$ cat structure-v5.csv   # CSV, C-alpha atoms
chain,number,residue,atom,x,y,z
A,1313,MET,CA,-10.6,-2.2,22.0
A,1314,ALA,CA,-14.0,-2.9,23.6
A,1315,MET,CA,-15.5,0.1,21.7
A,1316,ARG,CA,-14.1,-1.2,18.4
A,1317,ARG,CA,-15.6,-4.6,19.0
A,1318,ALA,CA,-19.0,-3.1,19.9
A,1319,ALA,CA,-18.9,-1.0,16.7
A,1320,SER,CA,-17.9,-4.0,14.7
A,1321,ALA,CA,-20.8,-6.0,16.1
A,1322,ALA,CA,-23.2,-3.2,15.3
A,1323,VAL,CA,-22.0,-3.1,11.7
A,1324,LYS,CA,-22.6,-6.8,11.3
A,1325,ALA,CA,-26.1,-6.5,12.8
A,1326,MET,CA,-27.1,-4.1,10.0
A,1327,ALA,CA,-28.0,-6.7,7.4
A,1328,GLY,CA,-28.6,-5.2,4.0
A,1329,SER,CA,-27.5,-1.7,5.1
A,1330,PRO,CA,-24.6,0.4,3.8
A,1331,SER,CA,-21.3,-0.2,5.4
A,1332,VAL,CA,-20.8,1.9,8.6
A,1333,ILE,CA,-18.0,4.4,8.6
A,1334,SER,CA,-16.9,4.2,12.2
A,1335,ARG,CA,-16.7,7.6,13.9
A,1336,GLN,CA,-16.0,8.0,17.6
A,1337,LEU,CA,-19.0,7.6,19.9
A,1338,HIS,CA,-17.6,10.1,22.4
A,1339,ALA,CA,-15.6,13.3,22.1
A,1340,SER,CA,-12.0,13.1,21.2
A,1341,PRO,CA,-9.6,15.3,23.3
A,1342,GLY,CA,-9.5,19.0,22.6
A,1343,PRO,CA,-12.0,21.8,22.0
A,1344,LYS,CA,-15.0,21.1,19.9
A,1345,LYS,CA,-17.0,23.2,17.4
A,1346,ILE,CA,-20.7,23.1,18.3
A,1347,VAL,CA,-23.3,24.7,16.0
A,1348,GLY,CA,-26.8,25.4,17.3
A,1349,VAL,CA,-29.8,26.2,14.9
A,1350,PHE,CA,-32.7,27.9,16.7
A,1351,TYR,CA,-35.5,30.2,15.8
A,1352,LYS,CA,-34.8,34.0,16.2
A,1353,ALA,CA,-36.7,35.7,18.9
A,1354,ASN,CA,-35.8,39.4,18.2
A,1355,GLU,CA,-37.5,41.7,20.7
A,1356,TYR,CA,-39.0,38.8,22.6
A,1357,ALA,CA,-35.7,37.3,23.6
A,1358,LYS,CA,-35.3,39.5,26.7
A,1359,LEU,CA,-38.8,39.3,27.9
A,1360,ASN,CA,-38.4,36.1,29.9
A,1361,PRO,CA,-35.1,34.9,31.4
A,1362,ASN,CA,-36.2,31.3,30.8
A,1363,PHE,CA,-36.9,31.8,27.1
A,1364,LEU,CA,-34.0,29.4,26.3
A,1365,GLY,CA,-35.0,27.9,23.0
A,1366,CYS,CA,-34.3,30.9,20.8
A,1367,ALA,CA,-31.1,31.8,18.9
A,1368,GLU,CA,-30.4,34.7,21.2
A,1369,ASN,CA,-30.4,32.7,24.4
A,1370,ALA,CA,-29.2,29.5,22.7
A,1371,LEU,CA,-30.3,27.0,25.4
A,1372,GLY,CA,-28.4,29.0,28.1
A,1373,ILE,CA,-25.2,27.0,27.5
A,1374,ARG,CA,-22.9,29.5,25.8
A,1375,GLU,CA,-20.9,30.5,28.9
A,1376,TRP,CA,-20.6,26.9,30.1
A,1377,LEU,CA,-19.3,25.7,26.7
A,1378,GLU,CA,-16.9,28.6,26.1
A,1379,SER,CA,-15.5,28.3,29.6
A,1380,GLN,CA,-14.3,24.8,28.6
A,1381,GLY,CA,-12.7,26.1,25.5
A,1382,HIS,CA,-15.3,25.0,23.0
A,1383,GLN,CA,-16.6,27.1,20.1
A,1384,TYR,CA,-20.4,27.7,20.0
A,1385,ILE,CA,-21.8,29.1,16.8
A,1386,VAL,CA,-25.6,29.8,16.8
A,1387,THR,CA,-27.7,30.8,13.8
A,1388,ASP,CA,-31.3,30.7,12.5
A,1389,ASP,CA,-30.1,30.7,8.9
A,1390,LYS,CA,-30.3,27.1,7.8
A,1391,GLU,CA,-31.6,26.8,4.2
A,1392,GLY,CA,-29.8,27.0,0.8
A,1393,PRO,CA,-26.2,26.6,-0.3
A,1394,ASN,CA,-25.1,30.0,1.0
A,1395,CYS,CA,-26.8,29.9,4.4
A,1396,GLU,CA,-24.8,30.4,7.6
A,1397,LEU,CA,-25.2,26.7,8.6
A,1398,GLU,CA,-23.7,25.5,5.4
A,1399,LYS,CA,-20.5,27.5,6.1
A,1400,HIS,CA,-19.9,25.5,9.3
A,1401,ILE,CA,-20.8,22.0,8.0
A,1402,PRO,CA,-17.3,20.9,6.9
A,1403,ASP,CA,-15.7,21.4,10.4
A,1404,LEU,CA,-18.3,21.2,13.1
A,1405,HIS,CA,-18.3,18.3,15.6
A,1406,VAL,CA,-21.8,18.7,17.1
A,1407,LEU,CA,-25.0,20.0,15.5
A,1408,ILE,CA,-27.9,20.9,17.8
A,1409,SER,CA,-31.3,21.7,16.2
A,1410,THR,CA,-35.0,21.7,17.3
A,1411,PRO,CA,-38.2,20.4,15.8
A,1412,PHE,CA,-39.5,24.0,15.9
A,1413,HIS,CA,-36.9,25.4,13.5
A,1414,PRO,CA,-35.3,22.2,12.1
A,1415,ALA,CA,-32.0,22.1,10.4
A,1416,TYR,CA,-32.5,19.5,7.7
A,1417,VAL,CA,-29.5,17.2,7.9
A,1418,THR,CA,-29.4,15.5,4.5
A,1419,ALA,CA,-27.1,12.7,3.3
A,1420,GLU,CA,-25.3,15.4,1.3
A,1421,ARG,CA,-24.7,17.5,4.4
A,1422,ILE,CA,-23.5,14.4,6.4
A,1423,LYS,CA,-21.0,13.6,3.6
A,1424,LYS,CA,-19.6,17.1,3.8
A,1425,ALA,CA,-19.3,17.0,7.6
A,1426,LYS,CA,-16.0,15.3,8.0
A,1427,ASN,CA,-15.6,16.0,11.7
A,1428,LEU,CA,-19.3,15.5,12.7
A,1429,GLN,CA,-19.8,13.0,15.5
A,1430,LEU,CA,-23.0,14.0,17.3
A,1431,LEU,CA,-26.5,15.3,16.2
A,1432,LEU,CA,-28.7,16.5,19.0
A,1433,THR,CA,-32.3,17.4,18.9
A,1434,ALA,CA,-33.3,19.9,21.6
A,1435,GLY,CA,-36.8,18.4,22.0
A,1436,ILE,CA,-38.5,15.4,20.6
A,1437,GLY,CA,-38.5,14.2,17.0
A,1438,SER,CA,-35.4,13.7,14.8
A,1439,ASP,CA,-37.1,13.2,11.4
A,1440,HIS,CA,-35.3,16.3,10.1
A,1441,ILE,CA,-32.2,14.1,10.0
A,1442,ASP,CA,-31.6,11.5,7.3
A,1443,LEU,CA,-31.3,8.7,9.9
A,1444,LYS,CA,-30.1,6.0,7.4
A,1445,ALA,CA,-27.3,8.3,6.3
A,1446,ALA,CA,-26.4,9.1,9.9
A,1447,ALA,CA,-26.4,5.4,10.8
A,1448,ALA,CA,-24.2,4.5,7.8
A,1449,ALA,CA,-21.8,7.3,8.7
A,1450,GLY,CA,-21.5,6.0,12.3
A,1451,LEU,CA,-22.9,9.1,13.8
A,1452,THR,CA,-24.8,9.3,17.1
A,1453,VAL,CA,-28.2,10.9,17.0
A,1454,ALA,CA,-30.0,11.7,20.2
A,1455,GLU,CA,-32.9,13.7,21.5
A,1456,VAL,CA,-34.3,14.8,24.9
A,1457,THR,CA,-36.9,12.1,25.2
A,1458,GLY,CA,-39.8,13.1,27.4
A,1459,SER,CA,-38.8,16.8,27.6
A,1460,ASN,CA,-42.0,18.2,26.1
A,1461,THR,CA,-44.5,15.3,26.2
A,1462,VAL,CA,-46.7,17.1,28.8
A,1463,SER,CA,-46.5,20.3,26.7
A,1464,VAL,CA,-47.7,18.6,23.5
A,1465,ALA,CA,-50.4,16.5,25.2
A,1466,GLU,CA,-51.9,19.5,26.8
A,1467,ASP,CA,-51.8,21.4,23.5
A,1468,GLU,CA,-53.6,18.5,21.7
A,1469,LEU,CA,-56.4,18.5,24.3
A,1470,MET,CA,-56.8,22.2,23.7
A,1471,ARG,CA,-57.1,21.7,20.0
A,1472,VAL,CA,-59.6,18.9,20.4
A,1473,LEU,CA,-61.8,21.3,22.4
A,1474,ILE,CA,-61.2,24.2,20.0
A,1475,LEU,CA,-62.4,22.2,17.1
A,1476,THR,CA,-65.3,20.5,18.9
A,1477,ARG,CA,-66.7,23.8,20.2
A,1478,ASN,CA,-66.1,25.7,16.9
A,1479,PHE,CA,-64.1,28.2,18.8
A,1480,VAL,CA,-62.0,29.9,16.2
A,1481,PRO,CA,-64.8,31.5,14.1
A,1482,ALA,CA,-66.5,32.5,17.4
A,1483,HIS,CA,-63.3,34.3,18.4
A,1484,HIS,CA,-63.1,36.0,15.1
A,1485,GLN,CA,-66.6,37.3,15.6
A,1486,ALA,CA,-65.5,38.9,18.9
A,1487,ILE,CA,-62.5,40.6,17.1
A,1488,ASN,CA,-64.5,41.7,14.1
A,1489,GLY,CA,-67.4,43.3,16.1
A,1490,GLU,CA,-69.9,40.6,15.0
A,1491,TRP,CA,-72.5,38.7,16.9
A,1492,ASN,CA,-74.0,35.7,15.1
A,1493,VAL,CA,-74.7,32.9,17.5
A,1494,ALA,CA,-76.3,30.7,14.8
A,1495,ALA,CA,-73.1,30.8,12.6
A,1496,ILE,CA,-71.2,29.1,15.5
A,1497,ALA,CA,-73.8,27.0,17.2
A,1498,HIS,CA,-74.9,25.0,14.1
A,1499,ARG,CA,-71.6,23.0,14.3
A,1500,ALA,CA,-70.5,23.2,18.0
A,1501,TYR,CA,-70.6,20.0,20.0
A,1502,ASP,CA,-69.9,18.6,23.4
A,1503,LEU,CA,-66.8,16.4,23.7
A,1504,GLU,CA,-68.7,14.0,26.1
A,1505,GLY,CA,-69.8,10.8,24.3
A,1506,LYS,CA,-67.6,11.3,21.2
A,1507,THR,CA,-65.3,8.7,19.9
A,1508,VAL,CA,-61.7,9.9,20.0
A,1509,GLY,CA,-58.9,7.8,18.5
A,1510,THR,CA,-55.2,8.4,18.8
A,1511,VAL,CA,-52.9,7.0,16.1
A,1512,GLY,CA,-50.0,6.2,18.3
A,1513,ALA,CA,-50.1,5.8,22.1
A,1514,GLY,CA,-46.5,6.4,23.2
A,1515,ARG,CA,-45.6,8.9,25.9
A,1516,ILE,CA,-47.7,11.7,24.4
A,1517,GLY,CA,-50.6,9.5,23.3
A,1518,LYS,CA,-50.9,8.0,26.8
A,1519,LEU,CA,-50.9,11.5,28.4
A,1520,LEU,CA,-53.6,12.7,26.0
A,1521,LEU,CA,-55.8,9.7,26.8
A,1522,GLN,CA,-55.3,10.3,30.5
A,1523,ARG,CA,-56.4,13.9,30.1
A,1524,LEU,CA,-59.4,12.9,28.0
A,1525,LYS,CA,-60.7,10.5,30.6
A,1526,PRO,CA,-62.7,13.0,32.7
A,1527,PHE,CA,-64.6,14.1,29.5
A,1528,ASN,CA,-66.3,10.7,29.3
A,1529,CYS,CA,-65.3,10.0,25.7
A,1530,ASN,CA,-65.1,6.7,24.0
A,1531,MET,CA,-61.3,6.4,23.7
A,1532,LEU,CA,-59.6,4.2,21.1
A,1533,TYR,CA,-55.9,3.8,20.3
A,1534,HIS,CA,-53.8,2.1,17.6
A,1535,ASP,CA,-50.1,1.5,18.2
A,1536,ARG,CA,-47.5,-1.1,17.3
A,1537,LEU,CA,-47.4,-2.0,21.0
A,1538,LYS,CA,-50.4,-2.7,23.2
A,1539,MET,CA,-50.5,-1.1,26.6
A,1540,ASP,CA,-50.1,-3.0,29.8
A,1541,PRO,CA,-53.6,-4.3,30.7
A,1542,GLU,CA,-53.6,-2.5,34.0
A,1543,ILE,CA,-52.6,0.9,32.4
A,1544,GLU,CA,-55.2,0.3,29.6
A,1545,LYS,CA,-57.9,-0.4,32.2
A,1546,GLU,CA,-56.9,2.6,34.3
A,1547,ILE,CA,-57.1,5.0,31.4
A,1548,GLY,CA,-60.2,3.4,29.9
A,1549,ALA,CA,-58.9,3.2,26.4
A,1550,HIS,CA,-59.5,0.3,23.9
A,1551,PHE,CA,-56.9,-1.1,21.6
A,1552,GLU,CA,-57.6,-1.3,17.9
A,1553,GLU,CA,-55.3,-3.5,16.0
A,1554,ASP,CA,-56.8,-2.6,12.6
A,1555,LEU,CA,-56.0,1.1,11.9
A,1556,ASP,CA,-58.6,1.6,9.2
A,1557,ALA,CA,-61.3,0.0,11.3
A,1558,MET,CA,-60.5,2.4,14.1
A,1559,LEU,CA,-60.4,5.4,12.0
A,1560,ALA,CA,-63.9,4.7,10.5
A,1561,LYS,CA,-65.3,4.8,14.1
A,1562,CYS,CA,-63.8,8.1,15.2
A,1563,ASP,CA,-65.4,11.5,15.5
A,1564,ILE,CA,-62.0,12.9,16.4
A,1565,ILE,CA,-58.6,11.6,15.3
A,1566,VAL,CA,-55.3,12.7,17.0
A,1567,ILE,CA,-52.0,11.9,15.2
A,1568,ASN,CA,-49.3,10.8,17.7
A,1569,MET,CA,-46.9,8.7,15.6
A,1570,PRO,CA,-43.4,9.6,14.3
A,1571,LEU,CA,-42.6,10.5,10.7
A,1572,THR,CA,-41.0,7.5,9.0
A,1573,GLU,CA,-40.8,6.2,5.5
A,1574,LYS,CA,-43.9,4.2,6.2
A,1575,THR,CA,-46.0,7.0,7.7
A,1576,LYS,CA,-45.0,9.8,5.3
A,1577,GLY,CA,-48.1,10.8,3.4
A,1578,MET,CA,-50.1,8.1,5.1
A,1579,PHE,CA,-53.2,10.2,5.3
A,1580,ASN,CA,-53.7,10.6,1.6
A,1581,LYS,CA,-56.9,11.1,-0.5
A,1582,ASP,CA,-57.9,7.4,-0.2
A,1583,LYS,CA,-57.3,7.2,3.6
A,1584,ILE,CA,-59.2,10.4,4.2
A,1585,ALA,CA,-62.1,9.1,2.1
A,1586,LYS,CA,-62.6,6.2,4.6
A,1587,LEU,CA,-63.0,8.6,7.5
A,1588,LYS,CA,-66.4,9.7,8.9
A,1589,LYS,CA,-67.8,12.7,7.0
A,1590,GLY,CA,-67.4,15.6,9.4
A,1591,VAL,CA,-64.4,14.2,11.2
A,1592,LEU,CA,-62.1,16.4,13.3
A,1593,ILE,CA,-58.3,15.9,13.1
A,1594,VAL,CA,-55.6,17.1,15.4
A,1595,ASN,CA,-52.0,16.7,14.2
A,1596,ASN,CA,-49.1,17.8,16.4
A,1597,ALA,CA,-46.9,14.9,15.2
A,1598,ARG,CA,-45.4,15.8,11.8
A,1599,GLY,CA,-47.0,17.7,8.9
A,1600,ALA,CA,-45.6,15.3,6.3
A,1601,ILE,CA,-47.7,12.4,7.7
A,1602,MET,CA,-50.6,14.1,5.9
A,1603,ASP,CA,-50.9,14.6,2.1
A,1604,THR,CA,-51.1,18.4,2.1
A,1605,GLN,CA,-53.4,18.7,-0.9
A,1606,ALA,CA,-55.7,15.9,0.3
A,1607,VAL,CA,-56.2,17.6,3.6
A,1608,THR,CA,-56.9,21.0,1.9
A,1609,ASP,CA,-59.4,19.4,-0.4
A,1610,ALA,CA,-61.2,17.5,2.4
A,1611,CYS,CA,-61.4,20.7,4.5
A,1612,SER,CA,-62.8,22.6,1.6
A,1613,SER,CA,-65.5,19.9,0.9
A,1614,GLY,CA,-66.4,19.5,4.5
A,1615,HIS,CA,-65.4,15.9,4.7
A,1616,ILE,CA,-62.9,17.1,7.4
A,1617,ALA,CA,-65.0,19.5,9.5
A,1618,GLY,CA,-62.0,20.8,11.4
A,1619,TYR,CA,-58.2,20.4,11.2
A,1620,SER,CA,-55.8,21.7,13.8
A,1621,GLY,CA,-52.1,21.3,14.4
A,1622,ASP,CA,-48.8,23.1,14.7
A,1623,VAL,CA,-46.7,21.0,12.3
A,1624,TRP,CA,-46.2,21.7,8.6
A,1625,TYR,CA,-44.0,20.6,5.8
A,1626,PRO,CA,-41.6,22.2,5.3
A,1627,GLN,CA,-41.0,24.3,8.3
A,1628,PRO,CA,-41.2,27.2,8.6
A,1629,ALA,CA,-44.2,27.0,6.4
A,1630,PRO,CA,-44.1,29.2,3.3
A,1631,LYS,CA,-46.5,32.1,3.0
A,1632,ASP,CA,-48.4,30.4,0.2
A,1633,HIS,CA,-48.8,27.0,2.1
A,1634,PRO,CA,-52.5,25.9,1.4
A,1635,TRP,CA,-53.2,25.1,5.0
A,1636,ARG,CA,-52.9,28.8,5.9
A,1637,TYR,CA,-56.0,29.5,3.7
A,1638,MET,CA,-58.1,26.4,3.8
A,1639,PRO,CA,-61.5,26.6,5.6
A,1640,ASN,CA,-62.2,24.9,9.0
A,1641,GLN,CA,-58.7,25.1,10.2
A,1642,ALA,CA,-57.1,26.1,13.5
A,1643,MET,CA,-53.4,26.0,12.6
A,1644,THR,CA,-50.5,27.6,14.4
A,1645,PRO,CA,-46.8,27.7,14.0
A,1646,HIS,CA,-44.9,24.8,15.6
A,1647,ILE,CA,-45.4,25.9,19.3
A,1648,SER,CA,-46.9,23.0,21.2
A,1649,GLY,CA,-43.6,21.6,22.6
A,1650,THR,CA,-41.8,24.9,23.1
A,1651,THR,CA,-43.5,26.2,26.2
A,1652,ILE,CA,-41.2,27.9,28.7
A,1653,ASP,CA,-41.5,24.8,30.9
A,1654,GLY,CA,-40.6,22.6,27.9
A,1655,GLN,CA,-37.7,24.8,27.0
A,1656,ILE,CA,-36.2,24.5,30.5
A,1657,ARG,CA,-36.5,20.7,30.3
A,1658,TYR,CA,-35.0,20.3,26.8
A,1659,ALA,CA,-32.2,22.8,27.5
A,1660,ALA,CA,-31.2,20.9,30.6
A,1661,GLY,CA,-31.4,17.6,28.8
A,1662,THR,CA,-29.2,18.9,25.9
A,1663,LYS,CA,-26.6,20.2,28.3
A,1664,ASP,CA,-26.6,16.9,30.2
A,1665,MET,CA,-25.9,15.0,27.0
A,1666,LEU,CA,-23.2,17.4,25.9
A,1667,ASP,CA,-21.5,16.9,29.3
A,1668,LYS,CA,-21.7,13.2,29.0
A,1669,TYR,CA,-20.3,13.4,25.4
A,1670,PHE,CA,-17.3,15.4,26.6
A,1671,LYS,CA,-16.7,12.9,29.5
A,1672,GLY,CA,-17.1,9.8,27.3
A,1673,GLU,CA,-20.2,8.6,29.1
A,1674,ASP,CA,-23.3,7.1,27.6
A,1675,PHE,CA,-26.6,9.0,27.3
A,1676,PRO,CA,-29.8,7.8,28.9
A,1677,ALA,CA,-30.8,4.8,26.7
A,1678,GLN,CA,-34.2,6.2,25.7
A,1679,ASN,CA,-32.5,9.3,24.2
A,1680,TYR,CA,-30.7,7.5,21.5
A,1681,ILE,CA,-32.2,7.6,18.0
A,1682,VAL,CA,-29.1,6.3,16.2
A,1683,LYS,CA,-26.3,4.6,18.0
A,1684,GLU,CA,-23.5,2.4,16.6
A,1685,GLY,CA,-25.2,2.1,13.3
A,1686,LYS,CA,-28.6,1.1,14.6
A,1687,ILE,CA,-31.8,3.2,14.3
A,1688,ALA,CA,-34.3,3.2,17.2
A,1689,SER,CA,-37.2,0.9,16.6
A,1690,GLN,CA,-39.9,3.7,16.5
A,1691,TYR,CA,-38.2,5.1,13.4
A,1692,LEU,CA,-38.1,1.8,11.5
$ encode --input "structure-v5.csv" --output "structure tokens"
Amino acid sequence: MAMRRAASAAVKAMAGSPSVISRQLHASPGPKKIVGVFYKANEYAKLNPNFLGCAENALGIREWLESQGHQYIVTDDKEGPNCELEKHIPDLHVLISTPFHPAYVTAERIKKAKNLQLLLTAGIGSDHIDLKAAAAAGLTVAEVTGSNTVSVAEDELMRVLILTRNFVPAHHQAINGEWNVAAIAHRAYDLEGKTVGTVGAGRIGKLLLQRLKPFNCNMLYHDRLKMDPEIEKEIGAHFEEDLDAMLAKCDIIVINMPLTEKTKGMFNKDKIAKLKKGVLIVNNARGAIMDTQAVTDACSSGHIAGYSGDVWYPQPAPKDHPWRYMPNQAMTPHISGTTIDGQIRYAAGTKDMLDKYFKGEDFPAQNYIVKEGKIASQYL
């Protein structure tokens, strides 16, 4: 009864939203069908016992799930009407995916998934899910908040240094048997004294700023929430309320905000034109925050002197994606948050939430992205 009252209150709170179809917040009795979508590791799967994030090792939870009578289907085949995932949509109860090989959960798929109750992201970032449709259907969406923040922040710092020091073409010289110092040195700089701005200063953004502090940069941040004054003072970063004003000051820009309807395509041709000529950009947040062609054109013209990140749209990136071939880039596949240490954390966090789901217990509050028809504030 209390659960029904809570669900009813959540529905009333969603002013102007579609009516919520109430689905159970916790597992109903009996075995469940759980589907996991992960990248395939092939010959690499057996090289490290802690390589848990691949399809072959499937978060290390198969034996645990099957010992309790649950069915655990794992695949990397997630696209198109005839893919393996599509076959299981009508009768699955739980879908687990990762940001590194996301299963795009559209409103159409949600409508087909009559038994679906829970969508879990093994990692951070649930924008591969149509959150409005999930909320309207009464689904729970959760992720392992904090599981790979260190992994991503460290990767961002690495990319800042790679771009600043013009490392990639220098490395290519070493591989290709070349030796042309001038070709590298004419655009290699120290990080000290540069103005670095992060667009977003949540868990990852704060960790990045802390790691930048020893480099004696001028650190700026823009966020919907201002840091606690003591933390801000300790880090040595300055809050910028006006995003465009901050961007115009930056030698280096790091993107650390979630993908939402508001941020999708935010860095378009007009926004990029307002940046300093020769700006360096690091984006490990989401590829769709950037206008793909606008970034390509700006890198080609030199307005963006260097662009690095591990996020693309769509993912996996097609072979003809223009970011693969644009100049002045240091792109990689989506790897920053899937270090072995990160995998151990998000595998453990996923198992913990599944256990709580089976027992009818709540998840840690910070893990919820959609609960009782409400979407977490960072995605609004």
$ atom_distance --input "structure-v5.csv" --atom1 "atom CA of Asn1394 of chain A" --atom2 "atom CA of Leu1443 of chain A"
23.9 Å
$ atom_distance --input "structure-v5.csv" --atom1 "atom CA of Ala1486 of chain A" --atom2 "atom CA of Ile1474 of chain A"
15.4 Å
$ closest_residue --input "structure-v5.csv" --among "A:Thr1476, A:Asn1488, A:Asn1580, A:Thr1452" --to "Tyr1501 of chain A" --atoms "only C-alpha atoms"
A:Thr1476
$ closest_residue --input "structure-v5.csv" --among "A:Ile1656, A:Met1470, A:Gly1661, A:Pro1411" --to "Asn1369 of chain A" --atoms "all atoms listed in the file"
A:Ile1656
$ residues_around --input "structure-v5.csv" --residues "Glu1396 of chain A" --least-positions-apart "3" --cutoff "12 Å" --atoms "all atoms listed in the file" --output "count of residues only"
16
$ closest_residue --input "structure-v5.csv" --among "A:Ser1459, A:Ala1482, A:Leu1371, A:Tyr1625" --to "His1498 of chain A" --atoms "only C-alpha atoms"
A:Ala1482
